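I have placed the structure first, in the form of structure tokens, so that the comments after it can refer back to it.
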Amino acid sequence: MSLPAGRAGQVLAAALLLLVCAAVWQAVAAPLMNLYAERAEAVTQRGALARRMTQVAAGLPGLKSAASQAAPAGAAGTTLMGGTSGAAAGAALQQMVQDMAARAGATLGSIEALPAEPTGRYRRIAVRASVSVPWPALVQLLQALEDAQPAMLVDDLQVRGPAGIGLGPNPPMDATLTVISFQDVERP
């Protein structure tokens with residue numbers, strides 16, 4: 001089989017050249033251009049992040065002074081549990097959670113103080129509670145825990161709905177949650 005000669009051969013040669021050029025473009029040039037575009041976008045994003053971080057860092061002294069003026073020197077203790085031992089702080093936290101549950105209308109099934117755990121200069125104080133409560137009262141309890149002083153965190157919240165259908169507008173749900181607060185170990 002022989003290759004065409006003359007005008008047909010020239011057209012075939014030009015077509016093959018274009019095909020080879022397209023293949024080289026797809027295999028080499030297009031990926032390189034995409035890589036360049038991705039790197040340029042990354043540089044642009046990093047530049048924007050650097051400018052934002054510079055702005056944040058410049059505003060830090062003002063934020064520190066505003067925070068120190070907003071919270072007097074003794075006010076920092078209100079975010080931490082008092083007491084000299086983890087057991088005493090755990091008992092106090094347990095009593096606070098019981099009171100909040102009662103005010104929210106929750107029926108407390110069980111509550112247990114978990115062992116205090118050291119975390120740096122702080123001690124993690126936690127209680128695990130099980131309650132039976134209608135949905136609005138559960139929301140009220142969670143809001144009370146969020147607004148509490150000393151500061152409290154809710155962890156491992158599990159809510160189970162009622163088993164039956166047609167139990168009324170606000171049937172009781174079973175919920176278990178861990179309430180966490182912290183105590184300053186170095187503070188007397």
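Within each chain, counting starts at residue 1; across the structure tokens, chains are named A, B, ... in the order shown, with ligands numbered 1 upward in that order.
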
Among segment 21-155 of chain A, which residues does DSSP mark as strand (DSSP E) when it is run on the backbone? Keep the chain and numbering as in the structure and answer as a ChimeraX atom specification. /A:107-119,122-133,153-155

Filtering to N, CA and C atoms, could you give me those residues as an mmCIF file, in the first residue's frame?
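Output below, filename part.cif:
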```
data_model
loop_
_atom_site.group_PDB
_atom_site.id
_atom_site.type_symbol
_atom_site.label_atom_id
_atom_site.label_comp_id
_atom_site.auth_asym_id
_atom_site.auth_seq_id
_atom_site.Cartn_x
_atom_site.Cartn_y
_atom_site.Cartn_z
ATOM 1 N N THR A 107 -37.891 15.792 83.664
ATOM 2 C CA THR A 107 -37.859 14.754 84.682
ATOM 3 C C THR A 107 -36.493 14.086 84.601
ATOM 4 N N LEU A 108 -35.737 14.236 85.668
ATOM 5 C CA LEU A 108 -34.370 13.722 85.688
ATOM 6 C C LEU A 108 -34.400 12.234 86.005
ATOM 7 N N GLY A 109 -33.926 11.417 85.058
ATOM 8 C CA GLY A 109 -33.879 9.974 85.269
ATOM 9 C C GLY A 109 -32.668 9.588 86.091
ATOM 10 N N SER A 110 -31.507 10.073 85.691
ATOM 11 C CA SER A 110 -30.280 9.802 86.435
ATOM 12 C C SER A 110 -29.284 10.903 86.138
ATOM 13 N N ILE A 111 -28.378 11.071 87.075
ATOM 14 C CA ILE A 111 -27.286 12.022 86.884
ATOM 15 C C ILE A 111 -26.087 11.471 87.638
ATOM 16 N N GLU A 112 -24.939 11.500 86.996
ATOM 17 C CA GLU A 112 -23.736 11.001 87.651
ATOM 18 C C GLU A 112 -22.567 11.932 87.348
ATOM 19 N N ALA A 113 -21.768 12.155 88.367
ATOM 20 C CA ALA A 113 -20.557 12.952 88.191
ATOM 21 C C ALA A 113 -19.489 12.051 87.592
ATOM 22 N N LEU A 114 -18.867 12.517 86.539
ATOM 23 C CA LEU A 114 -17.785 11.770 85.901
ATOM 24 C C LEU A 114 -16.460 12.177 86.547
ATOM 25 N N PRO A 115 -15.451 11.336 86.487
ATOM 26 C CA PRO A 115 -14.167 11.685 87.114
ATOM 27 C C PRO A 115 -13.573 12.955 86.489
ATOM 28 N N ALA A 116 -13.019 13.797 87.345
ATOM 29 C CA ALA A 116 -12.367 15.018 86.863
ATOM 30 C C ALA A 116 -11.094 14.633 86.109
ATOM 31 N N GLU A 117 -10.837 15.344 84.998
ATOM 32 C CA GLU A 117 -9.664 15.042 84.187
ATOM 33 C C GLU A 117 -8.814 16.303 84.039
ATOM 34 N N PRO A 118 -7.514 16.215 84.319
ATOM 35 C CA PRO A 118 -6.661 17.381 84.116
ATOM 36 C C PRO A 118 -6.458 17.657 82.628
ATOM 37 N N THR A 119 -6.546 18.914 82.250
ATOM 38 C CA THR A 119 -6.274 19.345 80.869
ATOM 39 C C THR A 119 -5.447 20.622 80.961
ATOM 40 N N TYR A 122 -6.070 23.450 83.664
ATOM 41 C CA TYR A 122 -7.471 23.340 84.053
ATOM 42 C C TYR A 122 -7.832 21.901 84.378
ATOM 43 N N ARG A 123 -8.946 21.757 85.062
ATOM 44 C CA ARG A 123 -9.491 20.439 85.365
ATOM 45 C C ARG A 123 -10.868 20.378 84.707
ATOM 46 N N ARG A 124 -11.092 19.317 83.902
ATOM 47 C CA ARG A 124 -12.372 19.126 83.218
ATOM 48 C C ARG A 124 -13.328 18.457 84.186
ATOM 49 N N ILE A 125 -14.438 19.140 84.463
ATOM 50 C CA ILE A 125 -15.461 18.628 85.360
ATOM 51 C C ILE A 125 -16.668 18.274 84.495
ATOM 52 N N ALA A 126 -17.221 17.078 84.651
ATOM 53 C CA ALA A 126 -18.334 16.669 83.795
ATOM 54 C C ALA A 126 -19.349 15.850 84.572
ATOM 55 N N VAL A 127 -20.611 15.968 84.158
ATOM 56 C CA VAL A 127 -21.683 15.120 84.673
ATOM 57 C C VAL A 127 -22.459 14.574 83.478
ATOM 58 N N ARG A 128 -22.968 13.366 83.646
ATOM 59 C CA ARG A 128 -23.773 12.714 82.618
ATOM 60 C C ARG A 128 -25.189 12.627 83.149
ATOM 61 N N ALA A 129 -26.162 13.136 82.382
ATOM 62 C CA ALA A 129 -27.547 13.165 82.837
ATOM 63 C C ALA A 129 -28.465 12.525 81.807
ATOM 64 N N SER A 130 -29.514 11.864 82.311
ATOM 65 C CA SER A 130 -30.581 11.323 81.476
ATOM 66 C C SER A 130 -31.870 11.997 81.914
ATOM 67 N N VAL A 131 -32.605 12.531 80.955
ATOM 68 C CA VAL A 131 -33.843 13.241 81.263
ATOM 69 C C VAL A 131 -34.949 12.764 80.343
ATOM 70 N N SER A 132 -36.180 12.887 80.834
ATOM 71 C CA SER A 132 -37.371 12.671 80.034
ATOM 72 C C SER A 132 -38.049 14.027 79.964
ATOM 73 N N VAL A 133 -38.225 14.524 78.731
ATOM 74 C CA VAL A 133 -38.617 15.925 78.609
ATOM 75 C C VAL A 133 -39.323 16.153 77.267
ATOM 76 N N LEU A 153 -20.584 23.413 78.778
ATOM 77 C CA LEU A 153 -20.668 22.904 77.418
ATOM 78 C C LEU A 153 -21.496 21.627 77.432
ATOM 79 N N VAL A 154 -22.262 21.406 76.362
ATOM 80 C CA VAL A 154 -23.031 20.171 76.227
ATOM 81 C C VAL A 154 -22.313 19.297 75.210
ATOM 82 N N ASP A 155 -22.093 18.043 75.597
ATOM 83 C CA ASP A 155 -21.403 17.104 74.712
ATOM 84 C C ASP A 155 -22.204 15.810 74.687
#
```

As an MDAnalysis selection string, which residues of segment 19-164 of chain A does DSSP assign to alpha helix (DSSP H)? chainID A and resid 19:24 30:70 86:104 135:147

In Å, rounded to a single decimal, give me how far atom CA of Ala102 of chain A is from atom CA of Ala144 of chain A. 11.2 Å

Distance query Trp135 of chain A at most 8 Å, only C-alpha atoms, self and fewer than 6 positions along chain excluded, as an NGL selection string: :A and (170-173)

Once you have the residues from the selection above, write them out as a PDB file, in the first residue's frame, restricted to N, CA and C atoms.
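File part.pdb, as written:
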```
ATOM      1  N   ASN A 170     -46.778  17.438  72.402  1.00  0.00           N
ATOM      2  CA  ASN A 170     -45.410  17.471  72.941  1.00  0.00           C
ATOM      3  C   ASN A 170     -45.151  16.250  73.810  1.00  0.00           C
ATOM      4  N   PRO A 171     -45.035  15.077  73.194  1.00  0.00           N
ATOM      5  CA  PRO A 171     -44.775  13.886  74.009  1.00  0.00           C
ATOM      6  C   PRO A 171     -43.364  13.943  74.591  1.00  0.00           C
ATOM      7  N   PRO A 172     -43.173  13.304  75.745  1.00  0.00           N
ATOM      8  CA  PRO A 172     -41.825  13.323  76.331  1.00  0.00           C
ATOM      9  C   PRO A 172     -40.840  12.507  75.505  1.00  0.00           C
ATOM     10  N   MET A 173     -39.626  13.027  75.439  1.00  0.00           N
ATOM     11  CA  MET A 173     -38.523  12.357  74.759  1.00  0.00           C
ATOM     12  C   MET A 173     -37.489  11.996  75.809  1.00  0.00           C
TER      13      MET A 173
END
```

How many Å lie between atom CA of Ser181 of chain A and atom CA of Leu157 of chain A, rounded to one decimal? 15.4 Å

Near segment 81-92 of chain A, 6 Å: segment 124-183 of chain A residue rows, closest pairs, only C-alpha atoms, as JSON lines:
```
{"residue": "A:Ile125", "atom": "CA", "partner": "A:Gly90", "partner_atom": "CA", "distance": 5.8}
{"residue": "A:Pro150", "atom": "CA", "partner": "A:Met81", "partner_atom": "CA", "distance": 5.8}
{"residue": "A:Phe182", "atom": "CA", "partner": "A:Met81", "partner_atom": "CA", "distance": 5.8}
{"residue": "A:Gln183", "atom": "CA", "partner": "A:Met81", "partner_atom": "CA", "distance": 4.7}
```
